[in-house]
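For reference, input.cif is printed below; it contains mmCIF, C-alpha atoms.
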```cif
data_coords
#
loop_
_atom_site.group_PDB
_atom_site.id
_atom_site.type_symbol
_atom_site.label_atom_id
_atom_site.label_comp_id
_atom_site.auth_asym_id
_atom_site.auth_seq_id
_atom_site.Cartn_x
_atom_site.Cartn_y
_atom_site.Cartn_z
ATOM 1 C CA MET Y 713 -16.220 -4.097 14.382
ATOM 2 C CA SER Y 714 -15.575 -0.377 14.012
ATOM 3 C CA ALA Y 715 -14.808 1.183 10.643
ATOM 4 C CA GLU Y 716 -11.278 1.990 11.855
ATOM 5 C CA ASP Y 717 -10.683 -1.640 12.815
ATOM 6 C CA ALA Y 718 -12.051 -2.907 9.493
ATOM 7 C CA ILE Y 719 -9.840 -0.485 7.571
ATOM 8 C CA GLY Y 720 -6.871 -1.502 9.729
ATOM 9 C CA GLN Y 721 -7.450 -5.119 8.676
ATOM 10 C CA VAL Y 722 -7.540 -4.107 4.997
ATOM 11 C CA VAL Y 723 -4.290 -2.157 5.390
ATOM 12 C CA ALA Y 724 -2.625 -5.082 7.209
ATOM 13 C CA ALA Y 725 -3.636 -7.440 4.393
ATOM 14 C CA TYR Y 726 -2.394 -4.906 1.810
ATOM 15 C CA LEU Y 727 0.999 -4.727 3.545
ATOM 16 C CA ASP Y 728 1.181 -8.524 3.838
ATOM 17 C CA GLY Y 729 0.349 -8.793 0.142
ATOM 18 C CA LEU Y 730 3.149 -6.386 -0.764
ATOM 19 C CA TYR Y 731 5.640 -8.121 1.543
ATOM 20 C CA ARG Y 732 4.879 -11.532 0.044
ATOM 21 C CA CYS Y 733 4.104 -10.226 -3.487
ATOM 22 C CA ASP Y 734 0.821 -12.100 -3.077
ATOM 23 C CA THR Y 735 -1.336 -10.943 -5.971
ATOM 24 C CA ALA Y 736 -4.323 -13.018 -4.846
ATOM 25 C CA LEU Y 737 -4.347 -11.269 -1.472
ATOM 26 C CA LEU Y 738 -3.898 -7.863 -3.108
ATOM 27 C CA ALA Y 739 -6.780 -8.606 -5.482
ATOM 28 C CA GLU Y 740 -8.961 -9.149 -2.410
ATOM 29 C CA VAL Y 741 -8.161 -5.789 -0.795
ATOM 30 C CA PHE Y 742 -8.287 -3.698 -3.979
ATOM 31 C CA HIS Y 743 -11.574 -2.899 -5.690
ATOM 32 C CA PRO Y 744 -11.575 -4.236 -9.289
ATOM 33 C CA ALA Y 745 -11.806 -0.639 -10.573
ATOM 34 C CA ALA Y 746 -8.783 0.501 -8.533
ATOM 35 C CA LEU Y 747 -6.184 2.966 -9.803
ATOM 36 C CA TYR Y 748 -2.445 2.832 -8.951
ATOM 37 C CA ALA Y 749 -0.574 6.087 -9.539
ATOM 38 C CA THR Y 750 2.603 7.985 -8.804
ATOM 39 C CA ALA Y 751 4.354 11.025 -10.231
ATOM 40 C CA THR Y 752 7.645 10.451 -8.392
ATOM 41 C CA GLY Y 753 10.381 11.870 -10.589
ATOM 42 C CA GLY Y 754 7.933 14.107 -12.441
ATOM 43 C CA GLU Y 755 6.461 11.488 -14.757
ATOM 44 C CA LEU Y 756 2.976 10.088 -14.218
ATOM 45 C CA VAL Y 757 2.638 6.341 -13.930
ATOM 46 C CA ALA Y 758 -1.002 5.229 -13.741
ATOM 47 C CA LEU Y 759 -2.083 1.601 -13.893
ATOM 48 C CA ASN Y 760 -5.330 -0.281 -13.609
ATOM 49 C CA LEU Y 761 -5.529 -3.146 -11.134
ATOM 50 C CA ALA Y 762 -4.675 -5.923 -13.610
ATOM 51 C CA ASP Y 763 -1.543 -4.097 -14.781
ATOM 52 C CA TYR Y 764 -0.492 -3.310 -11.206
ATOM 53 C CA LEU Y 765 -0.882 -6.936 -10.127
ATOM 54 C CA ALA Y 766 1.219 -8.017 -13.122
ATOM 55 C CA VAL Y 767 4.011 -5.717 -11.889
ATOM 56 C CA VAL Y 768 3.775 -7.145 -8.360
ATOM 57 C CA ALA Y 769 3.884 -10.702 -9.725
ATOM 58 C CA GLN Y 770 7.302 -9.976 -11.280
ATOM 59 C CA ARG Y 771 8.884 -8.778 -8.027
ATOM 60 C CA ASP Y 772 11.127 -10.803 -5.739
ATOM 61 C CA PRO Y 773 9.146 -10.883 -2.463
ATOM 62 C CA PRO Y 774 10.864 -9.228 0.514
ATOM 63 C CA ALA Y 775 9.452 -12.108 2.590
ATOM 64 C CA ARG Y 776 11.669 -14.563 0.702
ATOM 65 C CA THR Y 777 14.801 -13.018 2.212
ATOM 66 C CA GLY Y 778 13.208 -12.171 5.554
ATOM 67 C CA ALA Y 779 13.681 -8.451 4.948
ATOM 68 C CA PRO Y 780 12.654 -6.463 8.038
ATOM 69 C CA ARG Y 781 9.347 -4.658 7.846
ATOM 70 C CA LYS Y 782 8.876 -0.962 8.525
ATOM 71 C CA GLU Y 783 5.335 0.341 8.227
ATOM 72 C CA ARG Y 784 2.851 2.515 10.055
ATOM 73 C CA ILE Y 785 -0.550 4.041 9.555
ATOM 74 C CA VAL Y 786 -0.103 7.796 9.953
ATOM 75 C CA ARG Y 787 -3.809 8.578 9.915
ATOM 76 C CA ILE Y 788 -7.256 7.492 8.824
ATOM 77 C CA GLU Y 789 -9.741 10.162 7.769
ATOM 78 C CA PHE Y 790 -13.380 9.691 6.877
ATOM 79 C CA ALA Y 791 -15.267 11.714 4.271
ATOM 80 C CA GLY Y 792 -18.462 9.908 5.231
ATOM 81 C CA PRO Y 793 -19.565 6.467 6.361
ATOM 82 C CA ASP Y 794 -18.401 4.788 3.135
ATOM 83 C CA THR Y 795 -15.276 6.738 2.115
ATOM 84 C CA ALA Y 796 -11.923 6.916 3.869
ATOM 85 C CA LEU Y 797 -8.350 8.028 3.303
ATOM 86 C CA VAL Y 798 -5.391 6.214 4.845
ATOM 87 C CA LYS Y 799 -1.952 7.812 4.923
ATOM 88 C CA LEU Y 800 0.626 5.074 5.294
ATOM 89 C CA GLU Y 801 4.415 5.013 5.519
ATOM 90 C CA CYS Y 802 6.305 1.859 4.625
ATOM 91 C CA ARG Y 803 9.599 0.554 3.300
ATOM 92 C CA PHE Y 804 10.028 -2.002 0.541
ATOM 93 C CA PHE Y 805 12.894 -2.649 -1.886
ATOM 94 C CA GLN Y 806 15.200 -0.091 -0.202
ATOM 95 C CA LYS Y 807 12.635 2.666 -0.802
ATOM 96 C CA ASP Y 808 10.606 4.674 1.687
ATOM 97 C CA TYR Y 809 7.023 5.093 0.525
ATOM 98 C CA VAL Y 810 4.208 7.402 1.507
ATOM 99 C CA ASP Y 811 0.952 5.862 0.296
ATOM 100 C CA PHE Y 812 -2.397 7.583 0.162
ATOM 101 C CA LEU Y 813 -4.974 4.817 0.014
ATOM 102 C CA MET Y 814 -8.552 5.791 -0.769
ATOM 103 C CA LEU Y 815 -11.019 3.209 0.460
ATOM 104 C CA VAL Y 816 -14.694 2.770 -0.258
ATOM 105 C CA ARG Y 817 -17.179 0.584 1.546
ATOM 106 C CA VAL Y 818 -19.318 -1.259 -0.972
ATOM 107 C CA GLU Y 819 -21.634 -4.117 -0.032
ATOM 108 C CA ALA Y 820 -20.500 -3.770 3.612
ATOM 109 C CA ARG Y 821 -16.841 -4.326 2.656
ATOM 110 C CA TRP Y 822 -13.947 -1.840 2.691
ATOM 111 C CA ARG Y 823 -11.665 -1.984 -0.358
ATOM 112 C CA ILE Y 824 -8.887 0.175 -1.783
ATOM 113 C CA ILE Y 825 -10.157 2.131 -4.799
ATOM 114 C CA SER Y 826 -6.931 4.079 -5.369
ATOM 115 C CA LYS Y 827 -3.309 4.019 -4.338
ATOM 116 C CA VAL Y 828 -1.393 7.241 -4.970
ATOM 117 C CA PHE Y 829 2.131 7.315 -3.616
ATOM 118 C CA HIS Y 830 5.568 8.900 -3.500
ATOM 119 C CA TYR Y 831 8.863 7.186 -2.777
ATOM 120 C CA GLU Y 832 12.483 8.020 -2.082
ATOM 121 C CA ALA Y 833 15.590 5.904 -1.645
ATOM 122 C CA ALA Y 834 15.812 4.685 1.943
ATOM 123 C CA ALA Y 835 18.360 6.587 4.032
ATOM 124 C CA ALA Y 836 19.518 3.427 5.855
ATOM 125 C CA PRO Y 837 18.380 -0.186 6.246
ATOM 126 C CA VAL Y 838 15.728 -0.793 8.879
ATOM 127 C CA GLY Y 839 17.412 -0.865 12.275
ATOM 128 C CA GLU Y 840 20.494 1.086 11.172
ATOM 129 C CA VAL Y 841 21.180 4.741 11.832
ATOM 130 C CA PRO Y 842 22.389 6.887 8.886
ATOM 131 C CA THR Y 843 26.013 7.987 9.316
ATOM 132 C CA ALA Y 844 25.713 11.273 7.450
#
```
Have the structure of the file written as structure tokens, please.
Amino acid sequence: MSAEDAIGQVVAAYLDGLYRCDTALLAEVFHPAALYATATGGELVALNLADYLAVVAQRDPPARTGAPRKERIVRIEFAGPDTALVKLECRFFQKDYVDFLMLVRVEARWRIISKVFHYEAAAAPVGEVPTA
């Protein structure tokens, strides 16, 4: 399997984990030393993996209501054979996110070592066109 395909599988599992609020699945795709961070709104929020998973565990999963999914990998860049950056766009909880996922390959396995993101309120529900 190519590195791109392996990373694509990690990203798909990450998105499934977010959609279902499946902390066990997310724990598999994130490295134990992972960092979660955003400065949306001008204030830094930085969490370790355990704290991030605790936040996810408190969410109402979009899968429960059958919320439509909107997600795409914008690009994958490699800094070497064991380091990659994924730019991802997705929508959850009426917010549009841009995620920068840094991945490392350790022991022949790609895992997310950091998630840095920005979000904005979604302009319209998936499948609807904004009126203004």
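Shortest atom-to-atom contact with Pro773 (chain Y) among Y:Tyr726, Y:Phe804, Y:Tyr809, Y:Trp822: Y:Phe804, counting all atoms listed in the file.
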Given the file shown, determine the residues that the PyMOL selection byres ((chain Y and resi 793) around 10) selects; report them as a PDB file with C-alpha atoms, in the coordinates of the input.
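selection.pdb, written as the output of this step:
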```pdb
ATOM      1  CA  ALA Y 715     -14.808   1.183  10.643  1.00  0.00           C
ATOM      2  CA  PHE Y 790     -13.380   9.691   6.877  1.00  0.00           C
ATOM      3  CA  ALA Y 791     -15.267  11.714   4.271  1.00  0.00           C
ATOM      4  CA  GLY Y 792     -18.462   9.908   5.231  1.00  0.00           C
ATOM      5  CA  ASP Y 794     -18.401   4.788   3.135  1.00  0.00           C
ATOM      6  CA  THR Y 795     -15.276   6.738   2.115  1.00  0.00           C
ATOM      7  CA  ALA Y 796     -11.923   6.916   3.869  1.00  0.00           C
ATOM      8  CA  VAL Y 816     -14.694   2.770  -0.258  1.00  0.00           C
ATOM      9  CA  ARG Y 817     -17.179   0.584   1.546  1.00  0.00           C
TER      10      ARG Y 817
END
```
>> Selection in question (the file shown): the PyMOL selection byres ((chain Y and resi 832) around 6). Which residues does it include, as a list of chain:residue names?
In response: Y:Lys807, Y:Asp808, Y:Tyr831, Y:Ala833
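Put simply, the PyMOL selection byres ((chain Y and resi 745-755) around 7) in this file takes in Phe742, His743, Pro744, Leu756, Val757, Ala758, Leu759, Asn760, Leu761, Tyr764, Ile824, Ile825, Ser826, Lys827, Val828, Phe829, His830 and Tyr831 of chain Y.
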>> So the first atom is CA of Leu797 (chain Y) and the second is CA of Leu813 (chain Y); what is the distance between them in Å, to one decimal place?
In response: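 So the two atoms, CA of Leu797 (chain Y) and CA of Leu813 (chain Y), lie 5.7 Å apart.
Note that the spacing between CA of Arg732 (chain Y) and CA of Pro774 (chain Y) amounts to 6.4 Å.
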>> To one decimal place in Å, what is the distance between CA of Arg787 (chain Y) and CA of Leu800 (chain Y)?
In response: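 For CA of Arg787 (chain Y) relative to CA of Leu800 (chain Y), the distance reads 7.3 Å.
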> From the list Y:Ile788, Y:Pro780, Y:Leu738, Y:Ala835, which residue is nearest Val768 (chain Y) when using only C-alpha atoms?
Replying inline: Y:Leu738
>> Could you check the closest approach to Lys799 (chain Y) for each of Y:Val786, Y:Val818, Y:Ala724, Y:Ala769 and tell me which residue wins, using all atoms listed in the file?
In response: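 Ranking Y:Val786, Y:Val818, Y:Ala724, Y:Ala769 by distance to Lys799 (chain Y), first place goes to Y:Val786.
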>> Residues near Cys802 (chain Y), anyone? I mean within 9 Å using only C-alpha atoms, not counting same-chain ones fewer than 5 positions away, as a list in words.
In response: Leu727, Arg781, Lys782, Glu783, Arg784, Ile785, Lys807, Asp808, Tyr809, Val810 and Asp811 of chain Y
> Using all atoms listed in the file, which of the listed residues (Y:Val798, Y:Ala775, Y:Val767, Y:Ala762) sits closest to Val723 (chain Y)?
Replying inline: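 The shortest atom-to-atom distance to Val723 (chain Y) comes from Y:Val798.
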Taking every listed atom of region 782-787 of chain Y and adding 8 Å to each side, what centre and edge lengths in Å (one decimal) does the axis-aligned box have, as JSON?
```
{"center_x": 2.5, "center_y": 3.8, "center_z": 9.1, "size_x": 28.7, "size_y": 25.5, "size_z": 17.8}
```
